[in-house]
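J.: The structure file start19.txt (compact mmCIF, C-alpha atoms) is provided below.
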# COMPACT_ATOMS: atom_id res chain seq x y z
CA MET E 1 0.00 0.00 0.00
CA LYS E 2 2.91 2.37 0.61
CA ARG E 3 3.89 1.90 -3.01
CA PHE E 4 0.32 2.55 -4.12
CA PHE E 5 -0.01 5.84 -2.25
CA PHE E 6 3.50 6.90 -3.31
CA ILE E 7 2.53 6.47 -6.96
CA VAL E 8 -0.63 8.52 -6.41
CA ILE E 9 1.35 11.30 -4.71
CA ILE E 10 4.11 11.33 -7.35
CA GLY E 11 1.43 11.54 -10.04
CA PHE E 12 0.23 14.86 -8.64
CA THR E 13 3.49 16.39 -7.45
CA GLY E 14 4.47 19.13 -9.90
CA CYS E 15 2.39 17.32 -12.45
CA HIS E 16 1.67 18.90 -15.84
CA SER E 17 -0.18 15.91 -17.29
CA LEU E 18 -0.89 12.33 -16.37
CA MET E 19 -1.95 9.62 -18.80
CA ALA E 20 -2.82 6.03 -17.94
CA GLN E 21 -5.17 3.22 -18.91
CA PHE E 22 -8.71 4.58 -18.66
CA ASP E 23 -11.03 1.89 -20.06
CA SER E 24 -11.82 -1.00 -17.75
CA GLN E 25 -10.34 -4.43 -18.29
CA LEU E 26 -13.02 -7.09 -18.96
CA SER E 27 -12.91 -10.88 -19.13
CA ASN E 28 -16.47 -11.24 -20.47
CA TYR E 29 -15.75 -8.67 -23.19
CA TRP E 30 -17.76 -10.69 -25.74
CA ALA E 31 -20.92 -10.07 -23.66
CA ALA E 32 -20.73 -6.25 -23.94
CA ILE E 33 -19.04 -5.43 -27.23
CA ASN E 34 -20.85 -2.11 -27.55
CA TYR E 35 -19.03 -0.96 -24.39
CA PHE E 36 -15.92 -0.44 -26.54
CA ASN E 37 -17.41 -0.49 -30.07
CA PRO E 38 -20.54 1.62 -30.72
CA ALA E 39 -21.01 -0.01 -34.14
CA TYR E 40 -22.28 -3.13 -32.35
CA ALA E 41 -25.47 -1.29 -31.31
CA GLY E 42 -28.49 -3.00 -32.89
CA GLN E 43 -26.36 -5.86 -34.18
CA THR E 44 -28.92 -8.52 -33.21
CA ASP E 45 -32.70 -8.56 -33.67
CA ASN E 46 -33.10 -8.18 -29.93
CA MET E 47 -33.18 -5.51 -27.29
CA GLU E 48 -30.34 -6.37 -24.89
CA MET E 49 -29.37 -4.97 -21.51
CA THR E 50 -26.14 -6.20 -19.92
CA LEU E 51 -24.81 -5.53 -16.43
CA ILE E 52 -21.17 -6.35 -15.61
CA SER E 53 -19.53 -6.10 -12.19
CA ARG E 54 -15.79 -6.65 -11.74
CA LEU E 55 -13.71 -6.91 -8.56
CA GLN E 56 -10.07 -6.75 -9.59
CA TRP E 57 -7.00 -7.92 -7.69
CA LEU E 58 -8.64 -9.27 -4.54
CA GLY E 59 -6.30 -9.01 -1.57
CA ILE E 60 -5.03 -5.55 -2.55
CA GLU E 61 -6.67 -2.70 -0.68
CA ASN E 62 -8.34 -0.03 -2.84
CA ALA E 63 -7.98 -2.14 -6.00
CA PRO E 64 -10.29 -1.30 -8.96
CA ARG E 65 -14.03 -1.93 -8.61
CA THR E 66 -15.97 -1.58 -11.85
CA THR E 67 -19.65 -1.56 -12.85
CA ILE E 68 -20.79 -1.37 -16.47
CA LEU E 69 -24.34 -1.23 -17.83
CA THR E 70 -24.98 -1.38 -21.57
CA ALA E 71 -28.16 -1.44 -23.65
CA GLN E 72 -28.65 -1.74 -27.39
CA MET E 73 -31.38 -2.47 -29.91
CA PRO E 74 -32.23 -2.08 -33.62
CA TYR E 75 -34.94 0.24 -34.91
CA GLN E 76 -36.56 1.06 -38.26
CA PHE E 77 -36.48 4.57 -39.74
CA MET E 78 -37.31 5.55 -43.32
CA GLY E 79 -37.23 1.94 -44.46
CA ARG E 80 -33.78 1.23 -43.04
CA THR E 81 -32.56 -0.59 -39.96
CA HIS E 82 -30.41 1.44 -37.57
CA GLY E 83 -28.96 0.71 -34.16
CA VAL E 84 -29.10 2.69 -30.93
CA GLY E 85 -27.47 2.02 -27.62
CA ALA E 86 -26.30 3.44 -24.31
CA SER E 87 -23.45 2.74 -21.93
CA MET E 88 -22.94 3.64 -18.28
CA TYR E 89 -19.62 3.03 -16.54
CA ASN E 90 -18.36 3.56 -13.00
CA ASP E 91 -14.91 2.71 -11.70
CA ARG E 92 -13.23 3.28 -8.34
CA SER E 93 -9.46 2.78 -8.15
CA GLY E 94 -7.74 3.92 -5.00
CA LEU E 95 -8.54 7.60 -4.51
CA PHE E 96 -9.81 8.03 -8.08
CA SER E 97 -13.44 7.66 -9.16
CA VAL E 98 -14.70 7.80 -12.75
CA SER E 99 -18.25 7.89 -14.14
CA VAL E 100 -19.08 7.82 -17.86
CA PHE E 101 -22.51 8.14 -19.53
CA SER E 102 -22.73 7.63 -23.31
CA GLY E 103 -25.25 7.37 -26.13
CA GLN E 104 -24.64 5.38 -29.33
CA TYR E 105 -25.87 5.34 -32.92
CA ALA E 106 -25.01 2.75 -35.61
CA TRP E 107 -25.61 3.08 -39.36
CA LYS E 108 -26.09 -0.28 -41.08
CA LYS E 109 -25.74 -1.59 -44.61
CA LYS E 110 -25.86 -5.00 -46.26
CA ILE E 111 -22.52 -5.74 -47.95
CA GLY E 112 -22.10 -9.04 -49.75
CA LYS E 113 -23.50 -11.83 -47.61
CA GLY E 114 -22.82 -9.97 -44.40
CA ASN E 115 -23.84 -6.87 -42.47
CA PHE E 116 -21.65 -3.78 -42.06
CA SER E 117 -22.19 -1.05 -39.48
CA ALA E 118 -20.45 2.17 -38.51
CA GLY E 119 -21.11 3.59 -35.08
CA LEU E 120 -20.57 6.81 -33.19
CA GLN E 121 -20.66 7.32 -29.43
CA VAL E 122 -20.86 10.63 -27.58
CA GLY E 123 -20.52 10.72 -23.83
CA TYR E 124 -19.87 12.65 -20.66
CA ILE E 125 -17.00 11.87 -18.26
CA ASN E 126 -16.73 12.88 -14.62
CA GLN E 127 -13.52 12.03 -12.75
CA SER E 128 -12.66 12.89 -9.15
CA PHE E 129 -9.76 12.48 -6.75
CA ASP E 130 -10.30 12.38 -2.98
CA GLY E 131 -7.31 14.25 -1.60
CA THR E 132 -8.70 14.05 1.95
CA LYS E 133 -7.54 10.42 2.09
CA VAL E 134 -3.96 10.96 0.89
CA GLU E 135 -1.46 9.38 3.27
CA ILE E 136 2.10 10.71 3.23
CA PRO E 137 4.70 8.60 5.06
CA LYS E 138 6.21 10.33 8.07
CA ASP E 139 9.96 10.12 7.60
CA ASP E 140 12.96 12.25 6.61
CA TYR E 141 12.24 11.89 2.91
CA HIS E 142 8.69 13.30 2.85
CA GLN E 143 6.91 16.49 3.85
CA GLU E 144 3.62 16.23 5.70
CA SER E 145 2.16 18.94 3.47
CA ASP E 146 2.93 20.01 -0.07
CA PRO E 147 1.07 22.57 -2.20
CA ALA E 148 1.39 20.25 -5.18
CA ILE E 149 -0.68 17.53 -3.46
CA PRO E 150 -4.45 18.15 -3.25
CA THR E 151 -5.92 17.84 0.23
CA SER E 152 -9.58 18.15 -0.77
CA LEU E 153 -11.99 16.42 -3.12
CA ILE E 154 -11.32 17.67 -6.65
CA SER E 155 -13.12 16.74 -9.86
CA GLY E 156 -13.30 17.46 -13.56
CA LYS E 157 -15.80 16.95 -16.40
CA THR E 158 -15.44 16.64 -20.15
CA ILE E 159 -17.17 15.47 -23.33
CA ASP E 160 -15.94 12.24 -24.96
CA ALA E 161 -16.44 10.48 -28.31
CA SER E 162 -15.77 7.03 -29.80
CA LEU E 163 -15.94 5.58 -33.31
CA GLY E 164 -16.35 1.98 -34.44
CA PHE E 165 -16.87 -0.36 -37.41
CA PHE E 166 -18.34 -3.85 -37.33
CA TYR E 167 -18.89 -6.58 -39.93
CA SER E 168 -20.64 -9.88 -39.35
CA LYS E 169 -21.70 -12.93 -41.31
CA GLU E 170 -23.50 -16.09 -40.26
CA LYS E 171 -20.49 -17.74 -38.60
CA TRP E 172 -18.00 -14.96 -37.88
CA PHE E 173 -17.62 -11.29 -36.99
CA ALA E 174 -14.89 -8.65 -36.75
CA GLY E 175 -14.82 -5.14 -35.37
CA LEU E 176 -12.45 -2.18 -35.13
CA SER E 177 -12.95 0.84 -32.88
CA VAL E 178 -11.25 3.73 -31.14
CA THR E 179 -12.42 5.14 -27.82
CA HIS E 180 -11.65 8.65 -26.51
CA LEU E 181 -11.31 9.80 -30.09
CA LEU E 182 -10.46 13.40 -29.16
CA ALA E 183 -8.03 12.40 -26.37
CA PRO E 184 -9.82 14.76 -23.96
CA GLU E 185 -8.14 16.44 -21.02
CA LEU E 186 -9.80 16.59 -17.61
CA VAL E 187 -9.03 19.68 -15.55
CA LEU E 188 -9.54 18.50 -11.98
CA GLU E 189 -8.38 21.84 -10.60
CA GLU E 190 -6.16 24.68 -11.79
CA ASN E 191 -2.94 22.75 -11.13
CA TYR E 192 -4.11 19.19 -11.74
CA THR E 193 -5.01 17.73 -15.13
CA SER E 194 -5.64 14.19 -16.34
CA GLU E 195 -5.26 13.24 -20.01
CA ILE E 196 -7.32 10.36 -21.41
CA PRO E 197 -5.42 8.56 -24.18
CA ARG E 198 -7.00 7.12 -27.32
CA THR E 199 -7.48 3.36 -27.08
CA TYR E 200 -7.84 1.11 -30.14
CA TYR E 201 -9.75 -2.19 -30.17
CA PHE E 202 -9.87 -5.08 -32.59
CA THR E 203 -12.24 -7.93 -31.86
CA ALA E 204 -13.17 -11.04 -33.84
CA GLY E 205 -15.00 -14.30 -33.30
CA TYR E 206 -16.06 -17.49 -35.06
CA ASN E 207 -18.84 -20.00 -34.40
CA ILE E 208 -17.84 -23.62 -35.02
CA GLN E 209 -20.64 -26.22 -35.11
CA LEU E 210 -19.25 -29.56 -33.96
CA ASN E 211 -20.41 -33.00 -35.13
CA ASN E 212 -22.59 -33.22 -32.05
CA PRO E 213 -25.48 -30.84 -32.88
CA LEU E 214 -25.72 -29.84 -29.21
CA LEU E 215 -22.12 -28.56 -29.07
CA GLU E 216 -20.74 -25.34 -30.48
CA LEU E 217 -17.25 -23.88 -30.12
CA ARG E 218 -16.85 -20.10 -30.03
CA PRO E 219 -13.29 -18.75 -30.16
CA THR E 220 -12.94 -14.95 -29.79
CA LEU E 221 -10.09 -12.46 -29.83
CA LEU E 222 -9.67 -8.99 -28.36
CA VAL E 223 -6.64 -6.79 -28.98
CA LYS E 224 -6.50 -3.47 -27.12
CA THR E 225 -3.79 -0.90 -27.79
CA MET E 226 -3.46 2.37 -25.91
CA GLU E 227 -1.57 5.34 -27.29
CA MET E 228 1.66 6.49 -25.69
CA SER E 229 1.33 7.07 -21.96
CA SER E 230 3.37 9.86 -20.47
CA LEU E 231 4.11 11.20 -17.02
CA TYR E 232 5.89 14.52 -16.69
CA LEU E 233 7.39 15.62 -13.40
CA GLU E 234 9.31 18.72 -12.41
CA PRO E 235 11.59 18.87 -9.34
CA ASP E 236 9.58 20.11 -6.39
CA SER E 237 9.45 18.87 -2.80
CA LEU E 238 8.93 15.13 -2.99
CA THR E 239 10.33 14.80 -6.48
CA GLU E 240 13.63 16.47 -5.64
CA LYS E 241 14.83 12.99 -4.70
CA ILE E 242 14.32 11.91 -8.31
CA GLU E 243 17.49 12.32 -10.33
CA GLY E 244 17.30 14.85 -13.18
CA ASN E 245 15.16 17.87 -13.82
CA MET E 246 12.38 15.99 -15.51
CA LEU E 247 11.21 12.38 -15.63
CA LYS E 248 9.45 11.27 -18.77
CA ALA E 249 8.12 7.75 -19.07
CA MET E 250 6.60 6.65 -22.35
CA VAL E 251 5.08 3.20 -22.90
CA ARG E 252 2.88 1.64 -25.57
CA ASN E 253 0.41 -0.59 -23.80
CA MET E 254 -1.02 -3.57 -25.71
CA GLN E 255 -3.30 -6.23 -24.28
CA VAL E 256 -4.29 -9.46 -26.05
CA ASP E 257 -7.15 -11.72 -24.93
CA VAL E 258 -7.69 -15.11 -26.61
CA SER E 259 -10.83 -16.96 -25.50
CA VAL E 260 -12.56 -20.25 -26.31
CA ARG E 261 -16.03 -21.14 -25.02
CA MET E 262 -17.93 -24.41 -25.44
CA ILE E 263 -21.70 -23.95 -25.76
CA TYR E 264 -24.05 -26.84 -24.91
CA ASN E 265 -27.57 -26.82 -26.33
CA LYS E 266 -27.34 -22.99 -26.65
CA GLN E 267 -27.95 -22.82 -22.89
CA PHE E 268 -24.80 -23.63 -20.94
CA SER E 269 -21.21 -22.56 -21.55
CA ALA E 270 -17.73 -23.09 -20.16
CA GLY E 271 -14.46 -21.69 -21.40
CA LEU E 272 -10.92 -20.50 -20.96
CA SER E 273 -9.26 -17.22 -21.81
CA TRP E 274 -5.62 -16.22 -21.86
CA ARG E 275 -4.58 -12.61 -21.37
CA LYS E 276 -0.97 -12.17 -22.42
CA GLY E 277 1.33 -11.44 -19.50
CA ASP E 278 -1.55 -11.02 -17.07
CA ALA E 279 -3.98 -13.85 -16.35
CA LEU E 280 -5.60 -17.17 -17.19
CA VAL E 281 -9.39 -16.84 -17.07
CA PHE E 282 -11.96 -19.52 -16.29
CA MET E 283 -15.53 -18.85 -17.48
CA LEU E 284 -18.95 -20.37 -16.79
CA GLY E 285 -22.38 -19.30 -18.03
CA GLY E 286 -25.99 -20.26 -18.44
CA LYS E 287 -29.14 -19.04 -20.18
CA PHE E 288 -32.76 -19.47 -19.16
CA LYS E 289 -35.37 -17.97 -21.48
CA MET E 290 -34.63 -14.22 -21.63
CA ILE E 291 -31.99 -14.18 -18.88
CA GLU E 292 -28.30 -15.04 -19.33
CA ALA E 293 -25.66 -14.97 -16.61
CA GLY E 294 -21.93 -15.65 -16.50
CA TYR E 295 -18.95 -15.70 -14.17
CA ALA E 296 -15.23 -15.32 -14.83
CA TYR E 297 -12.30 -15.86 -12.49
CA ASP E 298 -8.92 -14.38 -13.43
CA PHE E 299 -5.99 -16.36 -12.10
CA PRO E 300 -3.02 -13.95 -12.22
CA THR E 301 0.11 -15.09 -14.05
CA SER E 302 2.05 -11.84 -13.57
CA ARG E 303 4.04 -10.87 -10.48
CA ILE E 304 0.91 -9.40 -8.93
CA ARG E 305 -0.07 -12.94 -7.90
CA LYS E 306 2.24 -12.47 -4.91
CA GLU E 307 -0.20 -9.90 -3.55
CA SER E 308 -3.55 -10.86 -5.10
CA THR E 309 -5.64 -14.03 -5.22
CA GLY E 310 -7.17 -13.01 -8.54
CA SER E 311 -10.13 -11.12 -9.97
CA HIS E 312 -13.85 -11.92 -10.08
CA GLU E 313 -16.32 -10.80 -12.72
CA VAL E 314 -20.02 -11.51 -13.23
CA PHE E 315 -22.48 -10.43 -15.90
CA LEU E 316 -26.26 -10.54 -16.23
CA ARG E 317 -28.01 -10.00 -19.57
CA TYR E 318 -31.69 -9.56 -20.37
CA THR E 319 -32.81 -10.17 -23.97
CA MET E 320 -36.16 -9.42 -25.58
CA ASP E 321 -36.96 -10.26 -29.18
CA ILE E 322 -38.02 -7.31 -31.35
CA ASN E 323 -39.83 -8.00 -34.61
CA LEU E 324 -39.01 -5.20 -37.03
CA LYS E 325 -40.97 -6.57 -39.97
CA LYS E 326 -43.34 -4.00 -41.46
CA GLY E 327 -46.89 -4.21 -40.22
CA ILE E 328 -46.06 -6.41 -37.23
CA LYS E 329 -46.15 -4.86 -33.79
CA ASN E 330 -44.62 -6.20 -30.61
CA LYS E 331 -47.43 -7.45 -28.44
CA HIS E 332 -47.12 -8.33 -24.75
CA LYS E 333 -49.83 -9.61 -22.45
CA SER E 334 -48.23 -7.97 -19.43
CA VAL E 335 -45.97 -5.00 -18.90
CA ARG E 336 -44.05 -7.07 -16.36
CA ILE E 337 -42.13 -8.85 -19.17
CA LEU E 338 -40.94 -5.63 -20.81
Show me the file's structure as structure tokens.

T.:
Amino acid sequence: MKRFFFIVIIGFTGCHSLMAQFDSQLSNYWAAINYFNPAYAGQTDNMEMTLISRLQWLGIENAPRTTILTAQMPYQFMGRTHGVGASMYNDRSGLFSVSVFSGQYAWKKKIGKGNFSAGLQVGYINQSFDGTKVEIPKDDYHQESDPAIPTSLISGKTIDASLGFFYSKEKWFAGLSVTHLLAPELVLEENYTSEIPRTYYFTAGYNIQLNNPLLELRPTLLVKTMEMSSLYLEPDSLTEKIEGNMLKAMVRNMQVDVSVRMIYNKQFSAGLSWRKGDALVFMLGGKFKMIEAGYAYDFPTSRIRKESTGSHEVFLRYTMDINLKKGIKNKHKSVRIL
């Protein structure tokens, strides 16, 4: 924990800009594709609402806690099928808290034997830092107070945008997207800013029908690449112990997830996922009528396993069929099933 708070303090001391991974890490990424690719909105003939909750790095105090809610559906307008969606995201990591609310639109077109869509997402970001909980070690190397370290709750707001493309056929799909398209900057207070880097996603999947008609294999891939991250520090108080006038760290962050799930009778699933340099993921799921649920456990393979027992993630999805054929209306006997 001392290391954790030291990193937080160094990030604000004499800080001009701070960039780090912003989007949440997901193991059940295939269950909420429109979270990172707005072109997926309206991809199926259903209205879908998906809730994901993730507890990361159990055993480490103040580790990330994430909640994501997505919704998407197709709709008809002027004789064409479009897609609309929404995404809500909340994450708490240490003394930082982030909330994001976004709306999505997807334009669709039949190309060849498949379906192509281009999607745009516009959202609102609110990030805060609780400086009242900053803990500075009491020793000869630290000052108990420093004007460069916030001691109150500070926050910033900004507008965000994402762009995506998606193509699907009967047995496979592929998508490409970029989140935080404008690389917005959050001004938490006059002296504290947080830069949100662009993040690029490529996802693909294939459905393999096995000889047994009850069994289906679904391999999927997710590649996430974040633009250069940078941390700029100037010598002042705590950072005077750092050699040189300025520290500049630049890293290209790439994450690769390879997953395989076995589906039985289109109701039950089990699978494995490998996240390069990070974790081995075990997945279970089940579907009953309009409700689908799943669980993922991340067994860490990096050095963090010395401090953490792993990560837990669950999702719950509600699906309702929508008939968009002309002249046919959706009829329900009771509003309780809506």

J.: What does the distance between CA of Tyr206 in chain E and CA of Lys109 in chain E come to in Å, to one decimal place?

T.: 20.9 Å

J.: Write out as JSON, numbers by chain which residues come within 12 Å of Asn212 in chain E when counting only C-alpha atoms, dropping same-chain ones fewer than 5 positions away.

T.: {"E": [217, 262, 263, 264, 265]}

J.: Do you have the CA of Tyr35 in chain E-CA of Arg198 in chain E distance handy?

T.: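 Taking CA of Tyr35 in chain E as the start and CA of Arg198 in chain E as the end point, the length is 14.8 Å.
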
J.: When you look at Ser177 in chain E with a cut-off of 9 Å (counting all atoms listed in the file), what residues show up, excluding the ones that are within fewer than 4 positions of it in the same chain? I need them as a ChimeraX atom specification.

T.: /E:36-39,119,162-166,199-203

J.: When distances are computed from only C-alpha atoms, which of E:Glu61, E:Asp130, E:Glu170, E:Ala41 shows the smallest separation from Gln104 in chain E?

T.: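 Using only C-alpha atoms, the shortest distance to Gln104 in chain E belongs to E:Ala41.
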
J.: Go through E:Glu190, E:Glu227, E:Glu216, E:Glu135 and flag the residue nearest Gly156 in chain E, using only C-alpha atoms for the distances.

T.: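 Once distances to Gly156 in chain E are computed over only C-alpha atoms, the minimum belongs to E:Glu190.
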
J.: To one decimal place in Å, what is the distance between CA of Ile304 in chain E and CA of Phe22 in chain E?

T.: 19.6 Å
